[in-house]
Each structure stands twice: as structure tokens, then as C-alpha cells.
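This report concerns only the one structure given below.
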Amino acid sequence: MLRTRTATVVAAGALAAGVATGVAGYAAVSGDGNNSPTASTATQTPASSSSSRTSVGAIYDQAHESVVEITVTSETTGSDQSPFPFGNTPQKQTQQAQGSGFVYDTDGHIVTNDHVVQGATSVKVTFSNGSTYDATVVGTDPSTDLAVLRVDAPSSLLQPLDLADSDNVAVGDGVIAIGSPFGLEGTLTTGVVSALDRTIDGTNGYSIPGAIQTDAAINHGNSGGVLLNMQGDVIGVTSQIESESGGNVGIGFAIPSNTVRSVAGQLVSGQKVQHAFLGVRLEDAASGGARIATVTSGSPADDAGLKAGDVVTAFDGKSIANSEELTAAVGAKQPGDKVQITVQRDGSTKTLTATLGTRPSS
């Protein structure tokens with residue numbers, strides 16, 4: 001189900017060094033090394049001194065070795081300005097960029113963002129001790145902007161982080177972000193949960209409901225890194241920022257850990273992740289509810305008789321206050337589920353039945 005954000009998300013992918021002015025962008029990759037990061041790199045200390053560290057420092061000591069830097073090589077087709085009259089000759093150009101990830105299990109699986117590895121011809125994973133290993137992409141899910149890699153690394157380096165129940169996260173909770181902004185591996189920043197249930201976009205343009213908003217500094221290169229609670233458990237994967245400058249302004253977003261648990265588990269087991277699909281583009285209705293802006297031809301919404309201008313007020317028996325609630329409600333269902341949709345149309349109330357489809361991959 002498509003939803004348009006007030007600020008359009010730029011699909012920066014694994015190559016962007018910045019985002020356009022006035023838009024939300026992926027916190028995907030490092031720049032060219034000439035940028036000045038807004039976050040400082042935490043200094044490592046011997047484990048024996050952990051007892052004298054602050055709680056933040058102790059959590060860093062426990063978690064940072066499980067956070068990795070991801071280096072992606074990709075090819076783009078440029079243009080060689082030819083002096084001959086036949087015009088420009090396409091030329092392949094190799095580019096590199098960095099993102100982040102974390103150890104998911106002892107089998108060598110690494111979780112990161114889909115946009116970090118999108119279009120990659122090769123991927124390398126670097127651990128905190130500096131050792132680097134080739135990685136294979138096990139699977140990706142553009143709809144949630146998540147990907148799973150696998151490395152053949154020694155068991156001593158494969159220390160998984162625990163996933164918390166993101167349904168228990170509350171506004172005001174303290175959080176810690178660890179990643180590689182601008183290629184500065186092992187960088188720690190702190191903040192709080194600023195808001196919950198934000199909706200951001202996947203790399204295929206579909207909505208990701210339930211995102212966690214934080215003011216912890218997140219910059220390019222943090223994508224795929226972790227957002228931890230004060231117990232040191234993962235509550236989210238840092239993914240996007242809202243910024244006019246392209247740098248951190250204190251509005252970052254993380255994909256919630258419950259989404260990570262579900263998607264990563266399916267990818268590790270070799271499954272293709274499927275998402276329920278209604279086939280509408282939404283906006284908030286002035287009087288409450290989710291107004292349908294457009295209906296995709298031939299979609300489940302079209303087959304059910306939904307029309308542009310309808311205001312959805314209930315979905316499968318639950319009231320709908322805005323477009324984000326409807327996005328989340330559809331996302332919680334499975335392809336093939338039959339649902340009752342209550343709409344206001346031309347002053348009257350109608351209840352229609354829709355059989356949800358499978359979201360297209362792009």
C-alpha cells in the first residue's frame with residue numbers, strides 16, 4: 001500500500017554521499033572522507049575497567065564488538081565524453097561506500113539495511129578488531145528496508161545481540177546508537193526515543209509502519225547499525241534521517257526490532273518475505289480517518305469497490321483515525337486475508353469486503 005510522506009524520501013541507495021535539501025533521506029553511507037561528522041567516536045577501554053564505567057559505557061563495551069562496518073562495491077554506467085561524432089560511450093564505473101550492520105546469530109548472519117547493499121557487486125564486513133571478511137547477500141526485503149548477509153568468520157567474532165520487544169518501547173526511553181557514520185567505525189551516540197509509530201518508506205516506495213524516532217545522532221554510514229535500549233538490547237535498526245542539510249539534525253528513524261525479528265528470521269530460513277497489499281494511496285482526512293487518494297487498477301481495493309475520495313474509518317472491526325493507522329493495520333495482515341473495510345462516501349457509510357493480495361516487489 002502506497003503512502004506519500006510530506007517530505008519525499010530519497011532512495012539514496014548505497015552510493016549517496018548526501019541527501020537533497022528539504023527531504024528525508026536514508027542514513028545510508030559514508031561520504032568521501034572530507035565531511036565533518038557530528039558524532040564523536042567512543043574510546044574503547046579494557047573490559048576490566050567496565051565496573052567503573054557509566055551505564056552507557058558499559059553497554060558500549062558489551063555491544064560494540066557485535067556491530068560491524070559494511071563496505072559495498074557497486075558499478076554504475078557513466079558516460080565518456082567522446083570527441084567522435086557518434087556521441088558518448090557508456091563506461092562502467094566502480095564505486096565504494098560504507099554502511100553498518102550487526103551480528104544476528106552464531107552462524108555468521110549479519111543484519112543491515114537493504115539500501116546499504118542494493119546494487120552491490122561485492123560486500124565486505126569489518127569487525128571491531130579490524131579483520132575483514134567477504135560477505136554474501138542471503139536475502140533482502142525492500143518493503144522493510146532490511147537485508148541479511150552471511151560471513152565465514154571465527155566464532156569468537158560472532159557475538160549476537162539480543163532483540164528486545166519493540167512494543168515495550170516508550171517515548172522518553174534512553175537509547176544508544178552504534179554504527180559507522182562517515183566510515184568512523186564504532187561510533188556511539190546517545191539520545192531518547194522522541195516518538196513512536198512513525199511511517200517511513202522502503203526502498204521500493206512502500207510504507208514501513210511503526211518506525212521509532214530518535215534524537216540520537218544518526219548520519220550517513222549509520223544505516224544498518226543498531227539502536228539499543230539501556231539494557232543493551234536492540235530495539236531498532238537505524239535507517240533514515242529527516243534533514244534539510246543532509247546531516248544530523250536530531251530526527252532519525254529506526255526500523256523496530258519486532259519487524260527485524262520477523263523479516264530476518266524469514267530471510268535466514270531462505271523464505272521470500274511477503275506483505276499484504278490493498279492497493280491504495282492514502283492521505284489523512286480532515287475529519288479523521290484515512291482518505292483514499294488513488295486506487296490501483298486491478299488491485300484488491302479496486303476489486304472490493306473502494307474509490308478515490310472514500311474515507312476509511314474502520315478496518316476489520318478496528319477504528320482508523322489516520323492514514324498511518326490504516327497502513328499499520330494492512331501491514332499486520334497476511335496475503336489472502338479477507339477484511340471488512342468501512343468507508344464514508346458521499347455522506348453515507350458503506351462496509352466492503354476485500355481479499356488482500358501480495359505486495360509487488362517493486
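How things are named: the first chain in the C-alpha cells is A, the next is B, and so on; residues count from 1 in each chain; ligands count from 1 in the order shown.
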Next on the checklist: Using DSSP secondary structure from the backbone, list all alpha helix (DSSP H) positions within region 114-208 of chain A, as a PyMOL selection string.
Outcome noted: chain A and resi 114-117
I need the residues from that last selection saved to file as a compact mmCIF listing (two decimals), in the first residue's frame (with N, CA and C atoms), if you can.
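Writing the result to result.txt gives the following:
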```
# COMPACT_ATOMS: atom_id res chain seq x y z
N ASP A 114 18.52 -2.86 3.47
CA ASP A 114 18.50 -3.20 2.05
C ASP A 114 19.20 -2.13 1.23
N HIS A 115 18.99 -0.85 1.57
CA HIS A 115 19.57 0.20 0.73
C HIS A 115 21.09 0.28 0.86
N VAL A 116 21.66 -0.34 1.90
CA VAL A 116 23.11 -0.39 2.02
C VAL A 116 23.72 -1.31 0.96
N VAL A 117 23.07 -2.45 0.70
CA VAL A 117 23.63 -3.45 -0.21
C VAL A 117 22.96 -3.46 -1.57
```
Each residue of region 333-352 of chain A lying at most 9 Å from region 270-281 of chain A should get a row with its shortest atom-to-atom pair and the distance in Å to one decimal, counting only C-alpha atoms; could you produce that, ordered by chain and increasing number, as CSV?
```
residue,atom,partner,partner_atom,distance
A:Lys333,CA,A:Ala276,CA,5.9
A:Gln334,CA,A:Ala276,CA,5.0
A:Pro335,CA,A:Ala276,CA,4.5
A:Gly336,CA,A:Ala276,CA,7.8
A:Asp337,CA,A:Ala276,CA,8.2
```
Checklist entry - Nearest to Phe315 (chain A) among A:Thr203, A:Asn229, A:Thr342, A:Ser55, with distances taken over only C-alpha atoms: which residue is it? => result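 Nearest to Phe315 (chain A): A:Thr342.
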Item to check | Residue contacts of Thr76 (chain A) (8 Å, only C-alpha atoms) excluding same-chain residues fewer than 5 positions away, as a PyMOL selection string | outcome: chain A and resi 92-95
Using C-alpha atoms, can you export the residues from the last selection as a compact mmCIF listing (two decimals), in the first residue's frame?
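Output file again-v1.txt follows:
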```txt
# COMPACT_ATOMS: atom_id res chain seq x y z
CA LYS A 92 31.27 1.29 -16.23
CA GLN A 93 32.50 2.97 -13.08
CA THR A 94 33.26 1.26 -9.78
CA GLN A 95 32.22 2.97 -6.55
```
Checklist outcome for this item: Shortest contact to Thr126 (chain A), candidates A:Asp173, A:Pro209, A:Gly99, A:Pro300, atoms counted only C-alpha atoms, goes to A:Gly99
Checklist entry - Hey, what's within 12 Å of Gly265 (chain A) if we count only C-alpha atoms and toss same-chain stuff fewer than 4 positions away? As a ChimeraX atom specification, please? => result /A:104-105,109-111,138-141,146-148,163,257-261,269-273
Item to check | Spatial neighbours of Thr296 (chain A), max dist 12 Å, only C-alpha atoms, sep filter under 6 positions, as a ChimeraX atom specification | outcome: /A:1-2,277-282,302-308,359-360
Next on the checklist: With only C-alpha atoms as the counted atoms, please give the residues lying no more than 7 Å from region 196-202 of chain A, apart from itself and same-chain residues fewer than 6 positions off, as JSON, numbers by chain.
Outcome noted: {"A": [9, 142, 143, 144, 145, 171, 208, 209, 210, 211, 212, 213, 324]}
